[in-house]
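Structure data follow from model22.tsv (TSV, C-alpha atoms and all ligand atoms):
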chain	number	residue	atom	x	y	z
O	282	MET	CA	0.00	0.00	0.00
O	283	GLY	CA	0.96	3.60	-0.48
O	284	ALA	CA	3.57	2.72	-3.05
O	285	PRO	CA	5.27	5.85	-4.33
O	286	HIS	CA	5.42	6.80	-7.97
O	287	ALA	CA	7.72	4.85	-10.21
O	288	PHE	CA	10.05	7.78	-10.77
O	289	LEU	CA	10.61	8.02	-7.04
O	290	THR	CA	11.30	4.34	-6.66
O	291	ARG	CA	13.66	4.09	-9.62
O	292	SER	CA	16.75	4.62	-7.53
O	293	ILE	CA	15.69	2.44	-4.61
O	294	ARG	CA	13.93	-0.36	-6.43
O	295	PRO	CA	15.50	-3.78	-6.03
O	296	PRO	CA	18.00	-4.72	-8.68
O	297	LEU	CA	16.90	-7.42	-11.13
O	298	ASN	CA	19.01	-10.05	-9.44
O	299	ARG	CA	16.86	-9.72	-6.34
O	300	LEU	CA	13.61	-10.38	-8.16
O	301	PRO	CA	11.67	-13.50	-7.21
O	302	LEU	CA	12.90	-15.52	-10.16
O	303	THR	CA	12.62	-19.24	-10.48
O	304	PRO	CA	15.99	-20.77	-11.40
O	305	GLU	CA	14.42	-22.19	-14.54
O	306	SER	CA	13.33	-18.79	-15.77
O	307	MET	CA	16.94	-17.67	-15.89
O	308	THR	CA	18.57	-20.76	-17.24
O	309	GLY	CA	16.30	-22.78	-19.38
O	310	ARG	CA	12.98	-24.28	-20.05
O	311	ILE	CA	10.12	-23.18	-17.85
O	312	THR	CA	6.61	-24.44	-17.61
O	313	GLU	CA	4.89	-23.50	-20.81
O	314	ASP	CA	2.33	-20.75	-20.27
O	315	LYS	CA	-0.16	-20.97	-23.08
O	316	ARG	CA	-1.31	-17.39	-22.58
O	317	SER	CA	0.14	-14.89	-25.01
O	318	LEU	CA	2.76	-12.49	-23.73
O	319	TRP	CA	0.30	-9.63	-23.87
O	320	GLN	CA	-2.28	-11.63	-21.92
O	321	ARG	CA	0.34	-12.35	-19.29
O	322	ILE	CA	1.40	-8.72	-19.07
O	323	LYS	CA	-2.21	-7.69	-18.60
O	324	ARG	CA	-2.91	-10.44	-16.12
O	325	PHE	CA	0.18	-10.11	-13.94
O	326	ALA	CA	1.57	-6.67	-14.52
O	327	MET	CA	-1.48	-4.51	-15.07
O	328	THR	CA	-3.95	-5.74	-12.54
O	329	ASP	CA	-4.67	-2.17	-11.55
O	330	VAL	CA	-6.26	-0.37	-14.47
O	331	GLY	CA	-5.47	2.95	-12.83
O	332	ALA	CA	-1.78	2.13	-12.90
O	333	LEU	CA	-0.96	4.06	-16.03
O	334	VAL	CA	-2.64	7.24	-14.87
O	335	ARG	CA	-1.02	7.27	-11.45
O	336	GLY	CA	2.33	6.09	-12.83
O	337	LEU	CA	3.87	2.65	-12.47
O	338	ASN	CA	4.83	1.69	-8.94
O	339	ALA	CA	7.57	-0.69	-7.88
O	340	ASP	CA	5.18	-3.66	-7.89
O	341	ASP	CA	3.93	-2.94	-11.40
O	342	ILE	CA	7.50	-2.74	-12.62
O	343	GLU	CA	8.60	-5.89	-10.84
O	344	ASN	CA	5.67	-7.80	-12.23
O	345	MET	CA	6.36	-6.57	-15.74
O	346	GLU	CA	10.00	-7.58	-15.38
O	347	ARG	CA	9.05	-11.01	-14.10
O	348	VAL	CA	6.70	-11.65	-17.02
O	349	LEU	CA	9.36	-10.62	-19.54
O	350	LEU	CA	12.10	-12.65	-17.87
O	351	GLU	CA	9.88	-15.70	-17.76
O	352	ALA	CA	9.25	-15.22	-21.47
O	353	ASP	CA	13.05	-15.52	-21.98
O	354	PHE	CA	13.76	-11.89	-22.85
O	355	GLY	CA	16.84	-11.94	-20.62
O	356	VAL	CA	17.93	-9.18	-18.28
O	357	PRO	CA	19.27	-6.55	-20.74
O	358	ALA	CA	16.23	-6.63	-23.06
O	359	THR	CA	13.86	-6.68	-20.09
O	360	MET	CA	15.54	-3.64	-18.55
O	361	GLU	CA	15.42	-1.77	-21.84
O	362	LEU	CA	11.75	-2.50	-22.43
O	363	VAL	CA	10.62	-1.72	-18.91
O	364	GLU	CA	12.64	1.48	-18.73
O	365	ALA	CA	11.14	2.65	-22.01
O	366	LEU	CA	7.66	1.99	-20.66
O	367	GLU	CA	8.36	3.71	-17.36
O	368	LEU	CA	9.57	6.76	-19.23
O	369	GLY	CA	6.52	6.75	-21.48
O	370	VAL	CA	4.16	6.54	-18.53
O	371	ARG	CA	6.03	9.20	-16.59
O	372	ASP	CA	5.93	11.56	-19.55
O	373	GLY	CA	2.20	10.98	-19.85
O	374	LYS	CA	2.57	9.48	-23.33
O	375	LEU	CA	1.17	6.11	-22.34
O	376	ARG	CA	-2.25	6.52	-20.80
O	377	ASN	CA	-4.07	3.31	-21.55
O	378	GLU	CA	-3.65	-0.30	-22.47
O	379	ALA	CA	-3.57	0.36	-26.19
O	380	ASP	CA	-0.81	2.97	-25.77
O	381	LEU	CA	1.23	0.54	-23.72
O	382	ARG	CA	0.86	-2.29	-26.21
O	383	GLU	CA	1.78	-0.07	-29.11
O	384	ALA	CA	4.82	1.28	-27.30
O	385	LEU	CA	5.96	-2.27	-26.52
O	386	VAL	CA	5.51	-3.37	-30.14
O	387	THR	CA	7.46	-0.38	-31.45
O	388	ARG	CA	10.28	-0.78	-28.98
O	389	LEU	CA	10.52	-4.52	-29.54
O	390	ALA	CA	10.57	-4.14	-33.30
O	391	THR	CA	13.37	-1.57	-33.01
O	392	MET	CA	15.36	-3.94	-30.82
O	393	LEU	CA	14.90	-6.76	-33.32
O	394	GLU	CA	15.73	-4.82	-36.46
O	395	ALA	CA	19.02	-5.39	-38.22
O	396	PRO	CA	20.56	-4.11	-41.41
O	397	GLY	CA	20.08	-6.25	-44.50
O	398	GLU	CA	17.24	-8.24	-45.98
O	399	PRO	CA	16.48	-11.16	-43.60
O	400	GLY	CA	15.24	-13.61	-46.24
O	401	ALA	CA	18.07	-12.95	-48.70
O	402	ILE	CA	20.95	-15.43	-48.78
O	403	ALA	CA	24.26	-13.95	-49.93
O	404	ARG	CA	25.37	-14.74	-53.43
O	405	ALA	CA	28.99	-15.04	-54.53
O	406	VAL	CA	29.99	-12.74	-57.36
O	407	GLN	CA	31.70	-15.66	-59.04
O	408	GLY	CA	31.63	-19.38	-58.49
O	409	PRO	CA	29.42	-21.21	-56.06
O	410	THR	CA	28.05	-19.64	-52.91
O	411	VAL	CA	28.77	-21.60	-49.75
O	412	VAL	CA	26.28	-21.56	-46.88
O	413	LEU	CA	27.55	-23.21	-43.72
O	414	VAL	CA	24.98	-24.25	-41.12
O	415	VAL	CA	26.13	-24.70	-37.50
O	416	GLY	CA	24.58	-25.31	-34.07
O	417	VAL	CA	24.46	-27.82	-31.22
O	418	ASN	CA	22.83	-31.22	-31.60
O	419	GLY	CA	19.12	-31.44	-32.03
O	420	VAL	CA	18.42	-27.76	-32.69
O	421	GLY	CA	17.26	-28.48	-36.24
O	422	LYS	CA	20.34	-27.94	-38.44
O	423	THR	CA	19.72	-30.76	-40.89
O	424	THR	CA	16.04	-29.87	-41.23
O	425	THR	CA	17.01	-26.23	-41.72
O	426	VAL	CA	19.55	-27.17	-44.41
O	427	ALA	CA	16.73	-28.89	-46.30
O	428	LYS	CA	14.38	-25.93	-45.80
O	429	LEU	CA	17.04	-23.50	-47.03
O	430	ALA	CA	17.73	-25.64	-50.08
O	431	HIS	CA	14.01	-25.74	-50.82
O	432	ARG	CA	13.74	-21.97	-50.52
O	433	LEU	CA	16.84	-21.30	-52.63
O	434	ARG	CA	15.57	-23.57	-55.37
O	435	ARG	CA	12.29	-21.72	-55.44
O	436	GLU	CA	14.35	-18.59	-56.01
O	437	GLY	CA	15.81	-20.27	-59.07
O	438	ARG	CA	19.14	-21.26	-57.59
O	439	SER	CA	20.68	-24.67	-58.20
O	440	VAL	CA	21.61	-26.22	-54.90
O	441	LEU	CA	23.94	-29.00	-53.78
O	442	LEU	CA	24.04	-30.34	-50.22
O	443	ALA	CA	27.13	-31.36	-48.28
O	444	ALA	CA	26.74	-33.93	-45.48
O	445	ALA	CA	29.58	-32.74	-43.27
O	446	ASP	CA	28.15	-34.28	-40.11
O	447	THR	CA	30.18	-37.46	-40.18
O	448	TYR	CA	30.01	-37.99	-36.42
O	449	ARG	CA	26.45	-38.98	-35.62
O	450	ALA	CA	25.30	-42.32	-36.97
O	451	GLY	CA	22.43	-41.71	-39.34
O	452	ALA	CA	23.25	-38.06	-40.02
O	453	ILE	CA	24.42	-38.70	-43.57
O	454	ALA	CA	21.39	-40.82	-44.44
O	455	GLN	CA	19.09	-38.15	-42.95
O	456	LEU	CA	20.47	-35.48	-45.28
O	457	GLU	CA	20.49	-37.85	-48.26
O	458	ILE	CA	16.79	-38.52	-47.74
O	459	TRP	CA	16.09	-34.79	-47.80
O	460	ALA	CA	18.21	-34.41	-50.95
O	461	GLU	CA	16.26	-37.17	-52.62
O	462	ARG	CA	12.95	-35.59	-51.68
O	463	LEU	CA	14.18	-32.29	-53.05
O	464	GLY	CA	15.68	-33.89	-56.14
O	465	ILE	CA	19.07	-32.30	-55.60
O	466	PRO	CA	22.58	-33.77	-55.34
O	467	CYS	CA	24.19	-34.46	-51.99
O	468	VAL	CA	27.91	-34.97	-51.47
O	469	SER	CA	28.75	-37.15	-48.49
O	470	GLY	CA	31.79	-38.96	-47.20
O	471	SER	CA	31.98	-42.00	-45.01
O	472	ALA	CA	30.75	-42.10	-41.43
O	473	GLY	CA	33.59	-41.13	-39.15
O	474	GLY	CA	35.39	-39.44	-42.03
O	475	ASP	CA	36.77	-35.92	-42.23
O	476	PRO	CA	33.94	-33.35	-42.45
O	477	ALA	CA	36.27	-30.70	-43.90
O	478	ALA	CA	37.07	-33.08	-46.77
O	479	VAL	CA	33.34	-33.47	-47.46
O	480	ALA	CA	32.90	-29.71	-47.65
O	481	PHE	CA	35.98	-29.46	-49.88
O	482	ASP	CA	34.67	-32.15	-52.25
O	483	ALA	CA	31.19	-30.60	-52.30
O	484	ILE	CA	32.59	-27.29	-53.51
O	485	GLY	CA	34.52	-29.13	-56.22
O	486	ALA	CA	31.34	-30.97	-57.22
O	487	ALA	CA	29.38	-27.71	-57.35
O	488	ILE	CA	31.99	-26.16	-59.63
O	489	ALA	CA	32.04	-29.24	-61.86
O	490	ARG	CA	28.23	-29.37	-62.11
O	491	GLY	CA	27.72	-25.64	-62.32
O	492	ALA	CA	25.59	-25.64	-59.11
O	493	ASP	CA	25.46	-22.12	-57.73
O	494	THR	CA	24.91	-22.81	-54.02
O	495	VAL	CA	26.34	-25.38	-51.62
O	496	VAL	CA	24.58	-25.78	-48.28
O	497	VAL	CA	26.78	-27.53	-45.72
O	498	ASP	CA	25.29	-29.49	-42.81
O	499	THR	CA	27.60	-29.96	-39.81
O	500	ALA	CA	27.77	-32.00	-36.62
O	501	GLY	CA	26.17	-30.71	-33.45
O	502	ARG	CA	28.07	-32.89	-31.06
O	503	LEU	CA	31.51	-34.47	-30.86
O	504	HIS	CA	33.34	-36.16	-27.98
O	505	THR	CA	33.92	-32.75	-26.46
O	506	GLN	CA	32.58	-29.27	-27.03
O	507	GLU	CA	36.06	-27.94	-27.72
O	508	GLY	CA	36.49	-30.75	-30.24
O	509	LEU	CA	33.39	-29.58	-32.07
O	510	MET	CA	34.54	-25.96	-32.12
O	511	GLU	CA	37.94	-27.05	-33.44
O	512	GLU	CA	36.27	-29.12	-36.14
O	513	LEU	CA	34.09	-26.20	-37.23
O	514	ARG	CA	37.12	-23.91	-37.38
O	515	LYS	CA	38.84	-26.45	-39.57
O	516	VAL	CA	35.80	-26.86	-41.85
O	517	THR	CA	35.67	-23.08	-42.25
O	518	ARG	CA	39.41	-22.87	-42.99
O	519	VAL	CA	39.28	-25.63	-45.59
O	520	ILE	CA	36.23	-24.06	-47.28
O	521	ALA	CA	38.05	-20.73	-47.46
O	522	ARG	CA	41.13	-22.38	-48.90
O	523	ARG	CA	39.10	-24.18	-51.54
O	524	LEU	CA	37.13	-21.09	-52.45
O	525	PRO	CA	38.43	-17.66	-51.43
O	526	GLY	CA	35.66	-15.58	-49.88
O	527	ALA	CA	33.71	-18.64	-48.73
O	528	PRO	CA	31.76	-19.45	-46.63
O	529	HIS	CA	29.55	-16.59	-47.77
O	530	GLU	CA	27.07	-17.28	-45.01
O	531	THR	CA	27.54	-19.02	-41.68
O	532	LEU	CA	24.10	-19.48	-40.23
O	533	LEU	CA	23.81	-20.29	-36.56
O	534	VAL	CA	20.80	-22.44	-35.71
O	535	LEU	CA	19.40	-22.00	-32.20
O	536	ASP	CA	16.40	-23.65	-30.58
O	537	GLY	CA	13.89	-21.00	-29.55
O	538	THR	CA	12.45	-23.08	-26.73
O	539	VAL	CA	15.52	-23.50	-24.52
O	540	GLY	CA	15.64	-19.97	-23.14
O	541	GLN	CA	18.96	-18.65	-21.94
O	542	ASN	CA	20.75	-21.84	-23.02
O	543	ALA	CA	20.45	-20.71	-26.62
O	544	LEU	CA	22.29	-17.54	-25.66
O	545	GLN	CA	25.17	-19.52	-24.16
O	546	GLN	CA	25.36	-21.65	-27.30
O	547	GLY	CA	25.35	-18.55	-29.46
O	548	LYS	CA	28.27	-17.07	-27.54
O	549	LEU	CA	30.22	-20.31	-27.81
O	550	PHE	CA	29.78	-20.64	-31.57
O	551	SER	CA	30.52	-16.96	-32.12
O	552	GLN	CA	33.95	-17.54	-30.63
O	553	ALA	CA	34.74	-20.40	-33.02
O	554	VAL	CA	33.17	-19.29	-36.29
O	555	THR	CA	31.90	-15.95	-37.57
O	556	PRO	CA	28.14	-16.30	-37.92
O	557	THR	CA	26.45	-14.00	-40.42
O	558	GLY	CA	23.04	-14.57	-38.91
O	559	ILE	CA	20.78	-16.62	-36.69
O	560	ILE	CA	17.96	-19.00	-37.47
O	561	VAL	CA	15.70	-19.62	-34.49
O	562	THR	CA	13.85	-22.93	-34.72
O	563	LYS	CA	10.88	-24.58	-33.08
O	564	LEU	CA	8.88	-21.41	-32.75
O	565	ASP	CA	5.73	-23.13	-33.93
O	566	GLY	CA	2.97	-23.12	-31.37
O	567	SER	CA	5.05	-21.42	-28.71
O	568	ALA	CA	4.29	-18.05	-27.22
O	569	ARG	CA	7.79	-17.83	-25.81
O	570	GLY	CA	9.38	-15.62	-28.42
O	571	GLY	CA	11.30	-13.56	-25.90
O	572	ALA	CA	14.40	-15.65	-26.62
O	573	VAL	CA	14.54	-14.18	-30.12
O	574	THR	CA	14.84	-10.69	-28.64
O	575	ALA	CA	17.53	-11.76	-26.18
O	576	LEU	CA	19.50	-13.44	-28.97
O	577	ARG	CA	19.30	-10.46	-31.30
O	578	ARG	CA	20.27	-8.06	-28.57
O	579	GLU	CA	22.99	-10.01	-26.82
O	580	LEU	CA	24.67	-11.76	-29.73
O	581	GLY	CA	24.54	-8.71	-31.98
O	582	LEU	CA	23.66	-10.88	-34.98
O	583	PRO	CA	20.70	-10.46	-37.29
O	584	ILE	CA	17.83	-12.91	-36.96
O	585	ARG	CA	17.42	-14.20	-40.51
O	586	PHE	CA	14.76	-16.89	-40.40
O	587	LEU	CA	12.39	-18.58	-38.00
O	588	GLY	CA	11.77	-22.31	-38.09
O	589	THR	CA	8.09	-22.94	-37.52
O	590	GLY	CA	7.68	-26.66	-38.07
O	591	GLU	CA	9.18	-29.84	-39.45
O	592	GLU	CA	8.19	-29.43	-43.09
O	593	LEU	CA	10.15	-27.87	-45.95
O	594	GLY	CA	7.95	-24.80	-46.10
O	595	ASP	CA	8.25	-24.07	-42.38
O	596	LEU	CA	10.98	-21.42	-42.67
O	597	GLU	CA	9.94	-17.79	-42.45
O	598	PRO	CA	12.13	-14.80	-43.23
O	599	PHE	CA	12.24	-12.80	-40.03
O	600	ASP	CA	10.09	-9.67	-39.98
O	601	PRO	CA	10.67	-7.64	-36.76
O	602	VAL	CA	7.39	-5.72	-36.86
O	603	ARG	CA	5.29	-8.78	-37.63
O	604	PHE	CA	7.10	-10.73	-34.96
O	605	ALA	CA	6.58	-8.04	-32.32
O	606	GLU	CA	2.91	-7.71	-33.30
O	607	GLY	CA	2.48	-11.47	-33.09
O	608	LEU	CA	4.13	-11.68	-29.71
O	609	LEU	CA	1.88	-9.00	-28.27
O	610	ALA	CA	-1.31	-9.94	-30.08
S	1	LIG	N1	8.53	-28.23	-34.26
S	1	LIG	C1	9.68	-28.06	-34.92
S	1	LIG	N2	10.55	-29.05	-35.01
S	1	LIG	C2	11.69	-28.86	-35.68
S	1	LIG	C3	12.00	-27.62	-36.29
S	1	LIG	N3	13.23	-27.74	-36.86
S	1	LIG	C4	13.63	-29.01	-36.63
S	1	LIG	N4	12.72	-29.69	-35.92
S	1	LIG	C5	12.78	-31.08	-35.43
S	1	LIG	O1	13.82	-31.20	-34.48
S	1	LIG	C6	14.41	-32.49	-34.54
S	1	LIG	C7	15.92	-32.36	-34.75
S	1	LIG	O2	16.13	-31.79	-36.02
S	1	LIG	P1	17.46	-32.02	-36.83
S	1	LIG	O3	17.35	-31.22	-38.07
S	1	LIG	O4	17.78	-33.46	-36.99
S	1	LIG	O5	18.50	-31.37	-35.82
S	1	LIG	P2	20.09	-31.28	-35.94
S	1	LIG	O6	20.49	-29.97	-35.38
S	1	LIG	O7	20.51	-31.58	-37.32
S	1	LIG	O8	20.53	-32.44	-34.94
S	1	LIG	P3	21.95	-33.20	-34.93
S	1	LIG	O9	22.21	-33.68	-36.31
S	1	LIG	O10	21.74	-34.32	-33.95
S	1	LIG	O11	22.97	-32.25	-34.46
S	1	LIG	C8	13.71	-33.22	-35.68
S	1	LIG	O12	12.70	-34.02	-35.15
S	1	LIG	C9	13.11	-32.09	-36.51
S	1	LIG	O13	11.98	-32.49	-37.23
S	1	LIG	C10	11.06	-26.54	-36.15
S	1	LIG	O14	11.24	-25.42	-36.62
S	1	LIG	N5	9.92	-26.82	-35.46
S	2	MG	MG	21.81	-32.98	-38.10

Would you mind writing the structure in this file as structure tokens?
Amino acid sequence: MGAPHAFLTRSIRPPLNRLPLTPESMTGRITEDKRSLWQRIKRFAMTDVGALVRGLNADDIENMERVLLEADFGVPATMELVEALELGVRDGKLRNEADLREALVTRLATMLEAPGEPGAIARAVQGPTVVLVVGVNGVGKTTTVAKLAHRLRREGRSVLLAAADTYRAGAIAQLEIWAERLGIPCVSGSAGGDPAAVAFDAIGAAIARGADTVVVDTAGRLHTQEGLMEELRKVTRVIARRLPGAPHETLLVLDGTVGQNALQQGKLFSQAVTPTGIIVTKLDGSARGGAVTALRRELGLPIRFLGTGEELGDLEPFDPVRFAEGLLA
């Protein structure tokens, strides 16, 4: 009771690390809340309809922060969003629910924007374009390779796949099945073989066949994490040696449902390879899109596509405004 105005509490409000967070909300998967983000904000953070007129108090702000953190926005994005809202309310610019929603959408979209056309895959000036796809095991790399190939072909490009995951049993066959379905060639080596050699041969095959794009699938797990990073560095080096300027894209695939873990993975891969963009998968049927914002903001990489299902067509070029609107619908 008698909570002072938000602008008075700003300096004395508890820091984010003192908020009543569940460990899961900071580190990984939390219980799925089927309500949309906007429904949750309204339900938990705006219980008092008079809140906007009197200003946000410490409880309103804490609740808003909790909802955003639980939706995987992460601390920096949550702080930025909540501070923007506080300022808007204090300045009298946000007076009702609709104002608040609109301000959130605008701010989110701005945070998610990145230079460049999200759906456009780079094209080499000369010779084949090489698109390298990386990420930890199970995030959806192989499926994404197939989806990308499908999309590129629809754009009139001739695509060749490279099965450079030689570690996991069944990985080569999995990609070959996709290639067959797509009716495109797939270069693969033997299980347990050298993945860099597969990528090298695939580029040679693309040149020989006149294919304009090579999409390279990679392993997501080796004996050790450092081993995987070393392998990816080597694959990248060998690709560059075979074809100067390649890889033209290194797309980092991250699972959108694992919360802050995706962020840790993103940081790890960014140290080993130089990703040109992120593809966030498994965003079908999940209202937990906050991770996308955290990834964009904290990895500093553009979000290029969203994976929204297991089929070839389930790859959407990322549209920040549409995404923000969808999240807060
Ligand atoms: N719902 C959903 N499932 C997906 C999506 N992308 C991939 N999957 C599924 O996730 C599982 C793992 O996908 P893979 O493509 O094999 O993942 P990977 O990263 O290649 O895994 P490893 O080869 O083991 O490293 C499969 O069952 C896919 O069908 C997506 O966008 N949405
Ligand atoms: Mg795979």

Counting only C-alpha atoms and all ligand atoms, what are the residues of chain O within 7 Å of ligand LIG 1 (chain S), and for each of them which pair of atoms is the nearest and at what distance in Å, to one decimal? Sort the table by chain and rising number, as CSV.
residue,atom,partner,partner_atom,distance
O:Gly416,CA,S:LIG1,O6,6.3
O:Val417,CA,S:LIG1,O11,5.7
O:Asn418,CA,S:LIG1,O11,3.0
O:Gly419,CA,S:LIG1,O8,3.4
O:Val420,CA,S:LIG1,O6,4.1
O:Gly421,CA,S:LIG1,O5,3.2
O:Lys422,CA,S:LIG1,O6,3.7
O:Thr423,CA,S:LIG1,O3,3.7
O:Thr424,CA,S:LIG1,O3,3.7
O:Thr425,CA,S:LIG1,O3,6.2
O:Arg449,CA,S:LIG1,O9,6.8
O:Ala452,CA,S:LIG1,O9,5.8
O:Ala500,CA,S:LIG1,O11,5.3
O:Gly501,CA,S:LIG1,O11,3.7
O:Arg502,CA,S:LIG1,O11,6.2
O:Thr562,CA,S:LIG1,O14,4.1
O:Lys563,CA,S:LIG1,N5,3.4
O:Leu564,CA,S:LIG1,O14,6.1
O:Asp565,CA,S:LIG1,N5,5.8
O:Gly588,CA,S:LIG1,O14,3.5
O:Thr589,CA,S:LIG1,O14,4.1
O:Gly590,CA,S:LIG1,N5,3.4
O:Glu591,CA,S:LIG1,O13,4.4
O:Asp595,CA,S:LIG1,O14,6.6

For the residues in that selection, give me C-alpha atoms as a PDB file, in the frame of the given file.
ATOM      1  CA  GLY O 416      24.580 -25.310 -34.070  1.00  0.00           C
ATOM      2  CA  VAL O 417      24.460 -27.820 -31.220  1.00  0.00           C
ATOM      3  CA  ASN O 418      22.830 -31.220 -31.600  1.00  0.00           C
ATOM      4  CA  GLY O 419      19.120 -31.440 -32.030  1.00  0.00           C
ATOM      5  CA  VAL O 420      18.420 -27.760 -32.690  1.00  0.00           C
ATOM      6  CA  GLY O 421      17.260 -28.480 -36.240  1.00  0.00           C
ATOM      7  CA  LYS O 422      20.340 -27.940 -38.440  1.00  0.00           C
ATOM      8  CA  THR O 423      19.720 -30.760 -40.890  1.00  0.00           C
ATOM      9  CA  THR O 424      16.040 -29.870 -41.230  1.00  0.00           C
ATOM     10  CA  THR O 425      17.010 -26.230 -41.720  1.00  0.00           C
ATOM     11  CA  ARG O 449      26.450 -38.980 -35.620  1.00  0.00           C
ATOM     12  CA  ALA O 452      23.250 -38.060 -40.020  1.00  0.00           C
ATOM     13  CA  ALA O 500      27.770 -32.000 -36.620  1.00  0.00           C
ATOM     14  CA  GLY O 501      26.170 -30.710 -33.450  1.00  0.00           C
ATOM     15  CA  ARG O 502      28.070 -32.890 -31.060  1.00  0.00           C
ATOM     16  CA  THR O 562      13.850 -22.930 -34.720  1.00  0.00           C
ATOM     17  CA  LYS O 563      10.880 -24.580 -33.080  1.00  0.00           C
ATOM     18  CA  LEU O 564       8.880 -21.410 -32.750  1.00  0.00           C
ATOM     19  CA  ASP O 565       5.730 -23.130 -33.930  1.00  0.00           C
ATOM     20  CA  GLY O 588      11.770 -22.310 -38.090  1.00  0.00           C
ATOM     21  CA  THR O 589       8.090 -22.940 -37.520  1.00  0.00           C
ATOM     22  CA  GLY O 590       7.680 -26.660 -38.070  1.00  0.00           C
ATOM     23  CA  GLU O 591       9.180 -29.840 -39.450  1.00  0.00           C
ATOM     24  CA  ASP O 595       8.250 -24.070 -42.380  1.00  0.00           C
TER      25      ASP O 595
END

Find the distance between atom CA of Leu413 of chain O and atom CA of Val497 of chain O and write it in Å to one decimal.
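Answer for the atom CA of Leu413 of chain O to atom CA of Val497 of chain O separation: 4.8 Å.
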
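Distances here use all atoms listed in the file; by that measure, the residue among O:Asp498, O:Asp380, O:Glu436, O:Glu606 closest to Leu318 of chain O is O:Glu606.
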
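With all atoms listed in the file as the basis for measurement, O:Asp446 is the residue among O:Asp446, O:Asp600, O:Glu592, O:Glu511 that approaches ligand MG 2 (chain S) most closely.
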
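Interatomic distance, atom CA of Lys428 of chain O against atom CA of Leu596 of chain O: 6.5 Å.
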